[in-house]
$ cat coords-v6.pdb   # PDB, C-alpha atoms and all ligand atoms
ATOM      1  CA  LEU H   1     -40.911 -73.200 214.514
ATOM      2  CA  LYS H   2     -37.904 -71.042 213.780
ATOM      3  CA  VAL H   3     -34.873 -72.857 212.432
ATOM      4  CA  ARG H   4     -31.431 -71.302 212.231
ATOM      5  CA  SER H   5     -30.606 -70.672 208.571
ATOM      6  CA  PRO H   6     -27.625 -72.542 207.151
ATOM      7  CA  PRO H   7     -24.591 -70.259 206.923
ATOM      8  CA  GLU H   8     -24.790 -69.826 203.157
ATOM      9  CA  LEU H   9     -28.243 -68.267 203.515
ATOM     10  CA  LEU H  10     -27.232 -65.712 206.111
ATOM     11  CA  GLU H  11     -28.007 -62.209 205.024
ATOM     12  CA  TRP H  12     -24.946 -60.518 206.553
ATOM     13  CA  HIS H  13     -21.361 -61.463 207.305
ATOM     14  CA  GLY H  14     -21.258 -60.366 210.940
ATOM     15  CA  ARG H  15     -22.464 -62.057 214.099
ATOM     16  CA  GLY H  16     -26.198 -61.726 214.775
ATOM     17  CA  THR H  17     -27.777 -59.893 217.689
ATOM     18  CA  THR H  18     -26.470 -61.208 221.016
ATOM     19  CA  SER H  19     -28.917 -63.718 222.575
ATOM     20  CA  HIS H  20     -31.035 -62.114 225.302
ATOM     21  CA  PHE H  21     -29.977 -58.658 224.089
ATOM     22  CA  SER H  22     -32.949 -56.838 225.657
ATOM     23  CA  GLU H  23     -32.597 -58.618 228.997
ATOM     24  CA  ILE H  24     -28.850 -57.936 229.116
ATOM     25  CA  VAL H  25     -29.263 -54.245 228.282
ATOM     26  CA  LEU H  26     -32.097 -53.821 230.783
ATOM     27  CA  GLY H  27     -30.185 -55.709 233.474
ATOM     28  CA  ARG H  28     -27.022 -53.701 232.888
ATOM     29  CA  CYS H  29     -29.009 -50.476 233.009
ATOM     30  CA  PHE H  30     -30.436 -51.413 236.421
ATOM     31  CA  THR H  31     -27.037 -52.576 237.683
ATOM     32  CA  TYR H  32     -25.477 -49.313 236.591
ATOM     33  CA  THR H  33     -28.180 -46.924 237.816
ATOM     34  CA  GLN H  34     -29.019 -48.738 241.067
ATOM     35  CA  LEU H  35     -25.642 -50.105 242.181
ATOM     36  CA  ILE H  36     -22.738 -48.485 240.341
ATOM     37  CA  ARG H  37     -23.979 -44.881 240.163
ATOM     38  CA  PRO H  38     -26.865 -44.613 242.640
ATOM     39  CA  GLU H  39     -27.082 -40.889 241.901
ATOM     40  CA  LEU H  40     -28.710 -42.051 238.624
ATOM     41  CA  ARG H  41     -31.267 -44.261 240.396
ATOM     42  CA  ASP H  42     -34.197 -42.251 239.049
ATOM     43  CA  GLN H  43     -33.363 -43.012 235.413
ATOM     44  CA  ASP H  44     -36.054 -45.032 233.663
ATOM     45  CA  CYS H  45     -34.280 -48.133 232.309
ATOM     46  CA  ARG H  46     -37.280 -49.382 230.345
ATOM     47  CA  LYS H  47     -37.503 -46.051 228.573
ATOM     48  CA  ILE H  48     -33.761 -46.202 227.866
ATOM     49  CA  LEU H  49     -34.060 -49.731 226.434
ATOM     50  CA  ASP H  50     -37.007 -48.646 224.263
ATOM     51  CA  ALA H  51     -35.060 -45.655 222.928
ATOM     52  CA  PHE H  52     -32.084 -47.925 222.231
ATOM     53  CA  LYS H  53     -34.201 -50.422 220.271
ATOM     54  CA  SER H  54     -36.186 -47.722 218.441
ATOM     55  CA  ALA H  55     -32.912 -46.416 217.000
ATOM     56  CA  PHE H  56     -32.498 -49.495 214.786
ATOM     57  CA  LEU H  57     -35.591 -51.760 214.839
ATOM     58  CA  SER H  58     -37.565 -52.042 211.579
ATOM     59  CA  LYS H  59     -34.773 -50.205 209.757
ATOM     60  CA  ASN H  60     -32.264 -51.170 207.087
ATOM     61  CA  PRO H  61     -29.186 -52.032 209.187
ATOM     62  CA  CYS H  62     -26.921 -50.471 206.555
ATOM     63  CA  ASN H  63     -28.626 -47.083 206.717
ATOM     64  CA  ILE H  64     -28.382 -46.191 210.388
ATOM     65  CA  THR H  65     -27.511 -42.579 211.182
ATOM     66  CA  LYS H  66     -26.327 -40.702 214.267
ATOM     67  CA  GLU H  67     -29.745 -39.030 214.334
ATOM     68  CA  ASP H  68     -31.357 -42.430 214.936
ATOM     69  CA  TYR H  69     -29.519 -42.542 218.279
ATOM     70  CA  GLN H  70     -30.247 -38.952 219.352
ATOM     71  CA  PRO H  71     -33.360 -39.834 221.433
ATOM     72  CA  LEU H  72     -31.239 -42.403 223.317
ATOM     73  CA  LEU H  73     -28.327 -39.990 223.799
ATOM     74  CA  LYS H  74     -30.706 -37.348 225.161
ATOM     75  CA  LEU H  75     -31.774 -39.676 227.970
ATOM     76  CA  ASP H  76     -28.177 -39.889 229.231
ATOM     77  CA  THR H  77     -27.532 -36.776 231.300
ATOM     78  CA  GLN H  78     -24.424 -37.966 233.114
ATOM     79  CA  THR H  79     -21.547 -35.495 233.499
ATOM     80  CA  ILE H  80     -17.857 -36.361 233.858
ATOM     81  CA  ALA H  81     -15.436 -34.323 235.962
ATOM     82  CA  CYS H  82     -12.592 -32.440 234.294
ATOM     83  CA  ASN H  83      -9.224 -34.270 234.002
ATOM     84  CA  LYS H  84     -10.837 -37.711 234.373
ATOM     85  CA  THR H  85     -11.537 -38.809 230.803
ATOM     86  CA  LEU H  86      -9.494 -41.712 229.442
ATOM     87  CA  PHE H  87      -9.577 -42.521 225.716
ATOM     88  CA  TRP H  88      -7.887 -45.518 224.157
ATOM     89  CA  SER H  89      -7.385 -47.357 220.913
ATOM     90  CA  LYS H  90      -6.524 -51.032 220.345
ATOM     91  CA  LEU H  91      -5.796 -51.682 224.025
ATOM     92  CA  LYS H  92      -9.177 -52.377 225.546
ATOM     93  CA  ASP H  93      -8.160 -55.029 228.080
ATOM     94  CA  LEU H  94      -5.226 -53.145 229.591
ATOM     95  CA  VAL H  95      -7.271 -49.947 229.800
ATOM     96  CA  HIS H  96     -10.001 -51.636 231.780
ATOM     97  CA  GLN H  97      -7.559 -53.525 233.990
ATOM     98  CA  TYR H  98      -5.951 -50.163 234.735
ATOM     99  CA  THR H  99      -9.230 -48.329 235.450
ATOM    100  CA  GLY H 100     -10.273 -51.278 237.625
ATOM    101  CA  VAL H 101      -7.494 -50.143 239.965
ATOM    102  CA  GLN H 102      -7.407 -46.418 239.190
ATOM    103  CA  GLN H 103     -11.135 -45.918 239.495
ATOM    104  CA  GLU H 104     -11.008 -42.146 239.211
ATOM    105  CA  LEU H 105     -10.485 -42.306 235.465
ATOM    106  CA  VAL H 106     -13.528 -42.741 233.254
ATOM    107  CA  THR H 107     -13.633 -44.607 229.950
ATOM    108  CA  LEU H 108     -16.681 -44.755 227.738
ATOM    109  CA  GLU H 109     -17.540 -48.207 229.181
ATOM    110  CA  ASP H 110     -17.779 -46.543 232.599
ATOM    111  CA  THR H 111     -20.656 -44.367 231.383
ATOM    112  CA  LEU H 112     -24.230 -45.678 231.273
ATOM    113  CA  LEU H 113     -24.527 -46.153 227.503
ATOM    114  CA  GLY H 114     -21.032 -47.602 227.052
ATOM    115  CA  TYR H 115     -21.604 -49.953 229.983
ATOM    116  CA  MET H 116     -24.939 -51.169 228.555
ATOM    117  CA  ALA H 117     -23.590 -51.892 225.065
ATOM    118  CA  ASP H 118     -20.099 -53.233 225.733
ATOM    119  CA  ARG H 119     -19.402 -56.517 223.874
ATOM    120  CA  LEU H 120     -22.924 -56.754 222.440
ATOM    121  CA  THR H 121     -24.071 -56.955 218.821
ATOM    122  CA  TRP H 122     -27.464 -55.805 217.624
ATOM    123  CA  CYS H 123     -29.434 -55.099 214.462
ATOM    124  CA  GLY H 124     -32.944 -55.238 213.063
ATOM    125  CA  ASP H 125     -34.552 -55.645 209.677
ATOM    126  CA  PRO H 126     -36.931 -53.410 207.668
ATOM    127  CA  SER H 127     -39.413 -56.261 207.141
ATOM    128  CA  THR H 128     -40.007 -57.055 210.834
ATOM    129  CA  SER H 129     -40.032 -55.345 214.226
ATOM    130  CA  ASP H 130     -37.820 -58.127 215.638
ATOM    131  CA  LEU H 131     -34.131 -58.180 216.370
ATOM    132  CA  ASN H 132     -32.097 -60.166 213.833
ATOM    133  CA  TYR H 133     -30.421 -62.941 215.817
ATOM    134  CA  GLN H 134     -29.067 -64.641 212.680
ATOM    135  CA  SER H 135     -26.607 -62.093 211.313
ATOM    136  CA  CYS H 136     -25.787 -58.386 211.357
ATOM    137  CA  PRO H 137     -23.765 -56.287 208.889
ATOM    138  CA  HIS H 138     -20.011 -56.612 209.227
ATOM    139  CA  TRP H 139     -18.492 -53.114 209.104
ATOM    140  CA  ARG H 140     -15.891 -54.014 206.462
ATOM    141  CA  ASN H 141     -17.588 -56.774 204.441
ATOM    142  CA  ASP H 142     -21.105 -55.311 204.469
ATOM    143  CA  CYS H 143     -21.422 -51.648 205.456
ATOM    144  CA  SER H 144     -20.057 -49.089 207.894
ATOM    145  CA  ASN H 145     -23.387 -47.436 208.735
ATOM    146  CA  ASN H 146     -24.521 -50.436 210.778
ATOM    147  CA  PRO H 147     -26.222 -50.131 214.180
ATOM    148  CA  GLY H 148     -23.106 -50.976 216.221
ATOM    149  CA  SER H 149     -20.548 -48.806 214.429
ATOM    150  CA  VAL H 150     -22.880 -45.806 214.292
ATOM    151  CA  PHE H 151     -23.711 -46.211 217.984
ATOM    152  CA  TRP H 152     -20.039 -46.219 219.060
ATOM    153  CA  LYS H 153     -19.275 -43.236 216.866
ATOM    154  CA  ALA H 154     -22.273 -41.297 218.186
ATOM    155  CA  ILE H 155     -21.581 -41.927 221.862
ATOM    156  CA  SER H 156     -17.812 -41.466 221.397
ATOM    157  CA  GLN H 157     -18.454 -38.066 219.820
ATOM    158  CA  LYS H 158     -20.614 -36.983 222.751
ATOM    159  CA  PHE H 159     -18.052 -38.340 225.251
ATOM    160  CA  ALA H 160     -15.250 -36.355 223.563
ATOM    161  CA  GLU H 161     -17.306 -33.148 223.332
ATOM    162  CA  ALA H 162     -17.936 -33.328 227.063
ATOM    163  CA  ALA H 163     -14.278 -33.717 228.093
ATOM    164  CA  CYS H 164     -12.426 -30.890 229.836
ATOM    165  CA  GLY H 165      -9.032 -30.091 231.345
ATOM    166  CA  VAL H 166      -6.367 -32.725 230.621
ATOM    167  CA  VAL H 167      -7.492 -35.816 228.744
ATOM    168  CA  GLN H 168      -5.566 -39.093 228.889
ATOM    169  CA  VAL H 169      -5.137 -41.473 225.970
ATOM    170  CA  MET H 170      -3.757 -45.008 226.089
ATOM    171  CA  LEU H 171      -2.377 -46.358 222.801
ATOM    172  CA  ASN H 172      -0.812 -49.669 221.781
ATOM    173  CA  GLY H 173       2.928 -49.255 221.259
ATOM    174  CA  SER H 174       3.325 -52.805 219.955
ATOM    175  CA  LEU H 175       1.574 -51.802 216.739
ATOM    176  CA  THR H 176       3.421 -50.097 213.870
ATOM    177  CA  GLU H 177       0.754 -47.419 213.954
ATOM    178  CA  PRO H 178      -0.291 -46.834 217.573
ATOM    179  CA  PHE H 179      -2.273 -43.853 216.303
ATOM    180  CA  ASP H 180      -4.742 -45.111 213.682
ATOM    181  CA  LYS H 181      -6.552 -42.264 211.975
ATOM    182  CA  ASN H 182      -9.352 -44.629 210.919
ATOM    183  CA  SER H 183     -10.132 -45.754 214.463
ATOM    184  CA  VAL H 184     -12.891 -44.185 216.542
ATOM    185  CA  PHE H 185     -10.246 -42.416 218.592
ATOM    186  CA  GLY H 186      -8.387 -41.152 215.510
ATOM    187  CA  SER H 187     -11.401 -40.165 213.434
ATOM    188  CA  VAL H 188     -14.063 -39.140 215.953
ATOM    189  CA  GLU H 189     -12.759 -38.406 219.430
ATOM    190  CA  ILE H 190      -9.630 -36.393 218.674
ATOM    191  CA  PHE H 191     -11.590 -34.089 216.342
ATOM    192  CA  ASN H 192     -14.465 -33.596 218.771
ATOM    193  CA  LEU H 193     -12.430 -32.461 221.771
ATOM    194  CA  ARG H 194     -13.225 -28.805 222.447
ATOM    195  CA  PRO H 195      -9.951 -26.844 222.529
ATOM    196  CA  GLU H 196     -11.643 -24.118 224.582
ATOM    197  CA  LYS H 197     -12.199 -26.721 227.338
ATOM    198  CA  VAL H 198      -9.381 -29.231 226.818
ATOM    199  CA  HIS H 199      -5.890 -27.736 227.219
ATOM    200  CA  THR H 200      -3.742 -30.894 227.135
ATOM    201  CA  VAL H 201      -3.794 -34.309 225.482
ATOM    202  CA  GLN H 202      -1.615 -36.658 227.518
ATOM    203  CA  VAL H 203      -0.763 -39.881 225.671
ATOM    204  CA  TRP H 204       0.550 -43.080 227.222
ATOM    205  CA  VAL H 205       1.966 -45.521 224.685
ATOM    206  CA  MET H 206       2.062 -48.988 226.210
ATOM    207  CA  GLN H 207       4.102 -51.852 224.782
ATOM    208  CA  ASP H 208       3.486 -55.533 225.381
ATOM    209  CA  ILE H 209       5.819 -56.926 227.994
ATOM    210  CA  GLY H 210       8.704 -58.689 226.305
ATOM    211  CA  LYS H 211       8.705 -56.605 223.145
ATOM    212  CA  GLY H 212      12.101 -54.956 223.075
ATOM    213  CA  PRO H 213      12.675 -51.322 223.980
ATOM    214  CA  SER H 214      10.936 -48.850 221.738
ATOM    215  CA  ASP H 215      10.287 -45.177 221.653
ATOM    216  CA  SER H 216       6.882 -44.902 220.023
ATOM    217  CA  CYS H 217       6.462 -41.317 221.212
ATOM    218  CA  SER H 218       9.076 -40.104 218.745
ATOM    219  CA  GLY H 219       7.813 -42.262 215.864
ATOM    220  CA  SER H 220       5.911 -40.987 212.849
ATOM    221  CA  SER H 221       2.520 -42.318 213.987
ATOM    222  CA  LEU H 222       2.580 -40.355 217.239
ATOM    223  CA  ASN H 223       3.967 -37.355 215.398
ATOM    224  CA  GLU H 224       0.879 -37.394 213.214
ATOM    225  CA  LEU H 225      -1.261 -37.236 216.367
ATOM    226  CA  LYS H 226       0.916 -34.459 217.805
ATOM    227  CA  LEU H 227       0.386 -32.369 214.663
ATOM    228  CA  ILE H 228      -3.396 -32.777 214.889
ATOM    229  CA  VAL H 229      -3.431 -31.875 218.588
ATOM    230  CA  ASN H 230      -1.168 -28.836 218.150
ATOM    231  CA  LYS H 231      -3.071 -27.644 215.116
ATOM    232  CA  ARG H 232      -6.194 -27.698 217.254
ATOM    233  CA  ASN H 233      -4.420 -25.497 219.826
ATOM    234  CA  MET H 234      -3.970 -28.071 222.540
ATOM    235  CA  THR H 235      -0.751 -29.162 224.235
ATOM    236  CA  PHE H 236       0.560 -32.627 223.362
ATOM    237  CA  VAL H 237       2.397 -34.732 225.947
ATOM    238  CA  CYS H 238       3.559 -38.301 225.263
ATOM    239  CA  GLN H 239       5.035 -40.930 227.559
ATOM    240  CA  ASN H 240       6.269 -44.431 226.673
ATOM    241  CA  ASN H 241       5.260 -47.248 229.029
ATOM    242  CA  TYR H 242       3.590 -45.099 231.683
ATOM    243  CA  ARG H 243       4.666 -46.661 234.986
ATOM    244  CA  PRO H 244       1.294 -47.097 236.740
ATOM    245  CA  ALA H 245      -0.085 -48.989 233.726
ATOM    246  CA  ARG H 246       3.184 -50.931 233.396
ATOM    247  CA  PHE H 247       2.667 -52.201 236.950
ATOM    248  CA  VAL H 248      -0.681 -53.660 235.873
ATOM    249  CA  GLN H 249       0.978 -55.463 232.935
ATOM    250  CA  CYS H 250       3.601 -56.797 235.353
ATOM    251  CA  VAL H 251       0.983 -58.563 237.482
ATOM    252  CA  LYS H 252       0.905 -61.316 234.845
ATOM    253  CA  ASN H 253       4.661 -61.222 234.142
ATOM    254  CA  PRO H 254       6.306 -60.531 237.502
ATOM    255  CA  GLU H 255       9.535 -62.299 236.581
ATOM    256  CA  HIS H 256      10.131 -60.497 233.337
ATOM    257  CA  PRO H 257      13.314 -58.350 233.471
ATOM    258  CA  SER H 258      11.358 -55.211 232.623
ATOM    259  CA  CYS H 259       9.206 -55.881 235.685
ATOM    260  CA  ARG H 260      12.029 -56.874 238.022
ATOM    261  CA  SER H 261      14.289 -53.935 237.514
ATOM    262  CA  LYS H 262      13.725 -50.618 235.863
ATOM    263  CA  ILE H 263      10.080 -50.399 234.804
TER
HETATM  264  N1  LIG P 301     -15.020 -46.642 221.975
HETATM  265  C1  LIG P 301     -15.134 -47.079 220.661
HETATM  266  N2  LIG P 301     -15.479 -48.317 220.335
HETATM  267  C2  LIG P 301     -15.802 -49.197 221.320
HETATM  268  C3  LIG P 301     -15.804 -48.808 222.653
HETATM  269  C4  LIG P 301     -15.420 -47.492 223.009
HETATM  270  O1  LIG P 301     -15.396 -47.134 224.183
HETATM  271  N3  LIG P 301     -16.168 -49.858 223.424
HETATM  272  C5  LIG P 301     -16.370 -50.893 222.591
HETATM  273  N4  LIG P 301     -16.709 -52.136 222.988
HETATM  274  N5  LIG P 301     -16.152 -50.499 221.303
HETATM  275  P1  LIG P 301     -10.528 -50.024 218.454
HETATM  276  P2  LIG P 301     -11.111 -47.311 218.584
HETATM  277  C6  LIG P 301     -16.169 -51.415 220.144
HETATM  278  O2  LIG P 301      -9.953 -49.833 217.082
HETATM  279  O3  LIG P 301     -11.824 -47.485 217.295
HETATM  280  C7  LIG P 301     -14.435 -45.280 222.173
HETATM  281  C8  LIG P 301     -16.548 -50.816 218.815
HETATM  282  O4  LIG P 301     -17.148 -51.840 218.052
HETATM  283  O5  LIG P 301      -9.772 -50.897 219.398
HETATM  284  O6  LIG P 301      -9.985 -46.302 218.580
HETATM  285  C9  LIG P 301     -13.581 -45.127 223.435
HETATM  286  O7  LIG P 301     -13.913 -43.886 224.067
HETATM  287  C10 LIG P 301     -15.232 -50.395 218.184
HETATM  288  O8  LIG P 301     -15.219 -50.466 216.784
HETATM  289  O9  LIG P 301     -10.575 -48.645 219.161
HETATM  290  C11 LIG P 301     -12.131 -45.142 222.964
HETATM  291  O10 LIG P 301     -11.410 -43.969 223.331
HETATM  292  C12 LIG P 301     -14.196 -51.335 218.793
HETATM  293  O11 LIG P 301     -14.827 -51.865 219.989
HETATM  294  C13 LIG P 301     -12.202 -45.243 221.447
HETATM  295  O12 LIG P 301     -13.547 -44.986 221.096
HETATM  296  C14 LIG P 301     -12.972 -50.575 219.255
HETATM  297  O13 LIG P 301     -12.027 -50.515 218.242
HETATM  298  C15 LIG P 301     -11.786 -46.635 221.011
HETATM  299  O14 LIG P 301     -12.152 -46.890 219.692
END
$ encode --input "coords-v6.pdb" --output "structure tokens" --more "lines below"
Ligand code: C8R
Amino acid sequence: LKVRSPPELLEWHGRGTTSHFSEIVLGRCFTYTQLIRPELRDQDCRKILDAFKSAFLSKNPCNITKEDYQPLLKLDTQTIACNKTLFWSKLKDLVHQYTGVQQELVTLEDTLLGYMADRLTWCGDPSTSDLNYQSCPHWRNDCSNNPGSVFWKAISQKFAEAACGVVQVMLNGSLTEPFDKNSVFGSVEIFNLRPEKVHTVQVWVMQDIGKGPSDSCSGSSLNELKLIVNKRNMTFVCQNNYRPARFVQCVKNPEHPSCRSKI
């Protein structure tokens, strides 16, 4: 009989592996390859799940490397059309509400691996071949080379390397630093765009409805991003409160002045 350990005996400070992790990943893989992108219907979801689990099972969850995920990444052969990639930081809900309507744009969660892993937690333990459902390393309080953080960095890097043409970026203008150089976008994606393929980085800085007028595009945080983009020989374009995404925010706040009049 397995009894949940009392909190003080938990090994790590983060949430444990999501219950039914394997079933969820397998189910999402079938949903994605059979229903969402039927052109991928010949992918072997069991093989993909095995490669996913092999990346971290029976290993120290603080010593995971990008190489551990390479066999999994190799199984994903999906390509994304030029001008369709959408990156984001600190604005996950709005981004996905927006892509729910504007389905041409592709975020990492719209690719097979991002779709399978979204909102899940997972880790193993060197002493067993089981998943650890009790606790997993917290990236700040335990270690950054944990299975989740390394996974997102590895697949984000591949996603950025594959982008071409214009790329779009949605950032959170209600934060003092909409561009966070420690985020996955600011530390991995922006540096893995290929300037020979990507000519323009188009940024949309979205503010919460009701937060007074602001011009994040001319602030120091966005200027830092502009310098990185220009230094890497790409064109930088920035727009505050991009109208199509503003319309999505207005669905929940139709009476707000910024939704009634000039938006
Ligand atoms: N990306 C990164 N992390 C992701 C993710 C994703 O698509 N999807 C999820 N669920 N996560 P944040 P960021 C998880 O600060 O760091 C890609 C990870 O645990 O809000 O700049 C995507 O392509 C991760 O630590 O954003 C996007 O462009 C948090 O959620 C950036 O990277 C996201 O933390 C977003 O990453």
$ residues_around --input "coords-v6.pdb" --residues "Cys238 in chain H" --least-positions-apart "3" --cutoff "6 Å" --atoms "all atoms listed in the file" --output "list in words"
Gln202, Val203, Trp204 and Cys217 of chain H
$ residues_near_ligand --input "coords-v6.pdb" --ligand "ligand LIG 301 (chain P)" --cutoff "7 Å" --atoms "only C-alpha atoms and all ligand atoms" --output "list in words"
Leu86, Phe87, Trp88, Ser89, Lys90, Leu91, Lys92, Thr107, Leu108, Glu109, Gly114, Asp118, Arg119, Gly148, Ser149, Trp152, Lys153, Ser156, Ser183, Val184, Phe185, Gly186 and Glu189 of chain H
$ resolve_selection --input "coords-v6.pdb" --expression "the PyMOL selection byres (((chain H and resi 214) around 12) and not hetatm)" --output "list in words"
Asn172, Gly173, Ser174, Leu175, Thr176, Val205, Met206, Gln207, Asp208, Ile209, Gly210, Lys211, Gly212, Pro213, Asp215, Ser216, Cys217, Ser218, Gly219, Gln239, Asn240 and Asn241 of chain H
$ closest_residue --input "coords-v6.pdb" --among "H:Pro257, H:Pro147, H:Gly16, H:Pro195" --to "Ala55 in chain H" --atoms "all atoms listed in the file"
H:Pro147
$ resolve_selection --input "coords-v6.pdb" --expression "the PyMOL selection byres (((chain H and resi 84) around 7) and not hetatm)" --output "list of chain:residue names"
H:Ala81, H:Cys82, H:Asn83, H:Thr85, H:Leu86, H:Glu104, H:Leu105, H:Val106, H:Val167
$ write_last_selection --input "coords-v6.pdb" --atoms "C-alpha atoms" --output "PDB file, keeping the file's coordinate frame"
ATOM      1  CA  ALA H  81     -15.436 -34.323 235.962  1.00  0.00           C
ATOM      2  CA  CYS H  82     -12.592 -32.440 234.294  1.00  0.00           C
ATOM      3  CA  ASN H  83      -9.224 -34.270 234.002  1.00  0.00           C
ATOM      4  CA  THR H  85     -11.537 -38.809 230.803  1.00  0.00           C
ATOM      5  CA  LEU H  86      -9.494 -41.712 229.442  1.00  0.00           C
ATOM      6  CA  GLU H 104     -11.008 -42.146 239.211  1.00  0.00           C
ATOM      7  CA  LEU H 105     -10.485 -42.306 235.465  1.00  0.00           C
ATOM      8  CA  VAL H 106     -13.528 -42.741 233.254  1.00  0.00           C
ATOM      9  CA  VAL H 167      -7.492 -35.816 228.744  1.00  0.00           C
TER      10      VAL H 167
END
$ resolve_selection --input "coords-v6.pdb" --expression "the PyMOL selection byres (((chain H and resi 234) around 12) and not hetatm)" --output "list in words"
Cys164, Gly165, Val166, Val167, Ile190, Phe191, Leu193, Arg194, Pro195, Glu196, Lys197, Val198, His199, Thr200, Val201, Gln202, Leu225, Lys226, Leu227, Ile228, Val229, Asn230, Lys231, Arg232, Asn233, Thr235, Phe236 and Val237 of chain H
$ write_last_selection --input "coords-v6.pdb" --atoms "C-alpha atoms" --output "short mmCIF file (atom, residue, chain, number, x, y, z; two decimals), keeping the file's coordinate frame"
data_model
loop_
_atom_site.label_atom_id
_atom_site.label_comp_id
_atom_site.auth_asym_id
_atom_site.auth_seq_id
_atom_site.Cartn_x
_atom_site.Cartn_y
_atom_site.Cartn_z
CA CYS H 164 -12.43 -30.89 229.84
CA GLY H 165 -9.03 -30.09 231.34
CA VAL H 166 -6.37 -32.72 230.62
CA VAL H 167 -7.49 -35.82 228.74
CA ILE H 190 -9.63 -36.39 218.67
CA PHE H 191 -11.59 -34.09 216.34
CA LEU H 193 -12.43 -32.46 221.77
CA ARG H 194 -13.22 -28.80 222.45
CA PRO H 195 -9.95 -26.84 222.53
CA GLU H 196 -11.64 -24.12 224.58
CA LYS H 197 -12.20 -26.72 227.34
CA VAL H 198 -9.38 -29.23 226.82
CA HIS H 199 -5.89 -27.74 227.22
CA THR H 200 -3.74 -30.89 227.14
CA VAL H 201 -3.79 -34.31 225.48
CA GLN H 202 -1.62 -36.66 227.52
CA LEU H 225 -1.26 -37.24 216.37
CA LYS H 226 0.92 -34.46 217.80
CA LEU H 227 0.39 -32.37 214.66
CA ILE H 228 -3.40 -32.78 214.89
CA VAL H 229 -3.43 -31.88 218.59
CA ASN H 230 -1.17 -28.84 218.15
CA LYS H 231 -3.07 -27.64 215.12
CA ARG H 232 -6.19 -27.70 217.25
CA ASN H 233 -4.42 -25.50 219.83
CA THR H 235 -0.75 -29.16 224.24
CA PHE H 236 0.56 -32.63 223.36
CA VAL H 237 2.40 -34.73 225.95
#
$ atom_distance --input "coords-v6.pdb" --atom1 "CA of Phe247 in chain H" --atom2 "CA of Arg260 in chain H"
10.5 Å
$ atom_distance --input "coords-v6.pdb" --atom1 "CA of Leu222 in chain H" --atom2 "CA of Gln249 in chain H"
21.8 Å
$ closest_residue --input "coords-v6.pdb" --among "H:Leu57, H:Leu10, H:Leu75, H:Leu94" --to "Asp42 in chain H" --atoms "only C-alpha atoms"
H:Leu75
$ closest_residue --input "coords-v6.pdb" --among "H:Thr121, H:Asn192, H:Gln43, H:Thr77" --to "Ile24 in chain H" --atoms "all atoms listed in the file"
H:Thr121
$ residues_near_point --input "coords-v6.pdb" --point "(-26.2, -62.7, 209.9)" --cutoff "12 Å" --atoms "only C-alpha atoms" --output "number ranges by chain"
H: 4-18, 61, 121-125, 131-138, 141-142
$ atom_distance --input "coords-v6.pdb" --atom1 "CA of Asp68 in chain H" --atom2 "CA of Lys53 in chain H"
10.0 Å
$ residues_around --input "coords-v6.pdb" --residues "Val251 in chain H" --least-positions-apart "5" --cutoff "12 Å" --atoms "all atoms listed in the file" --output "VMD selection string"
chain H and resid 94 97 to 98 209 244 to 246 256 258 to 260
$ closest_residue --input "coords-v6.pdb" --among "H:Glu224, H:Ser54, H:Cys29, H:Asp93" --to "Pro178 in chain H" --atoms "only C-alpha atoms"
H:Glu224
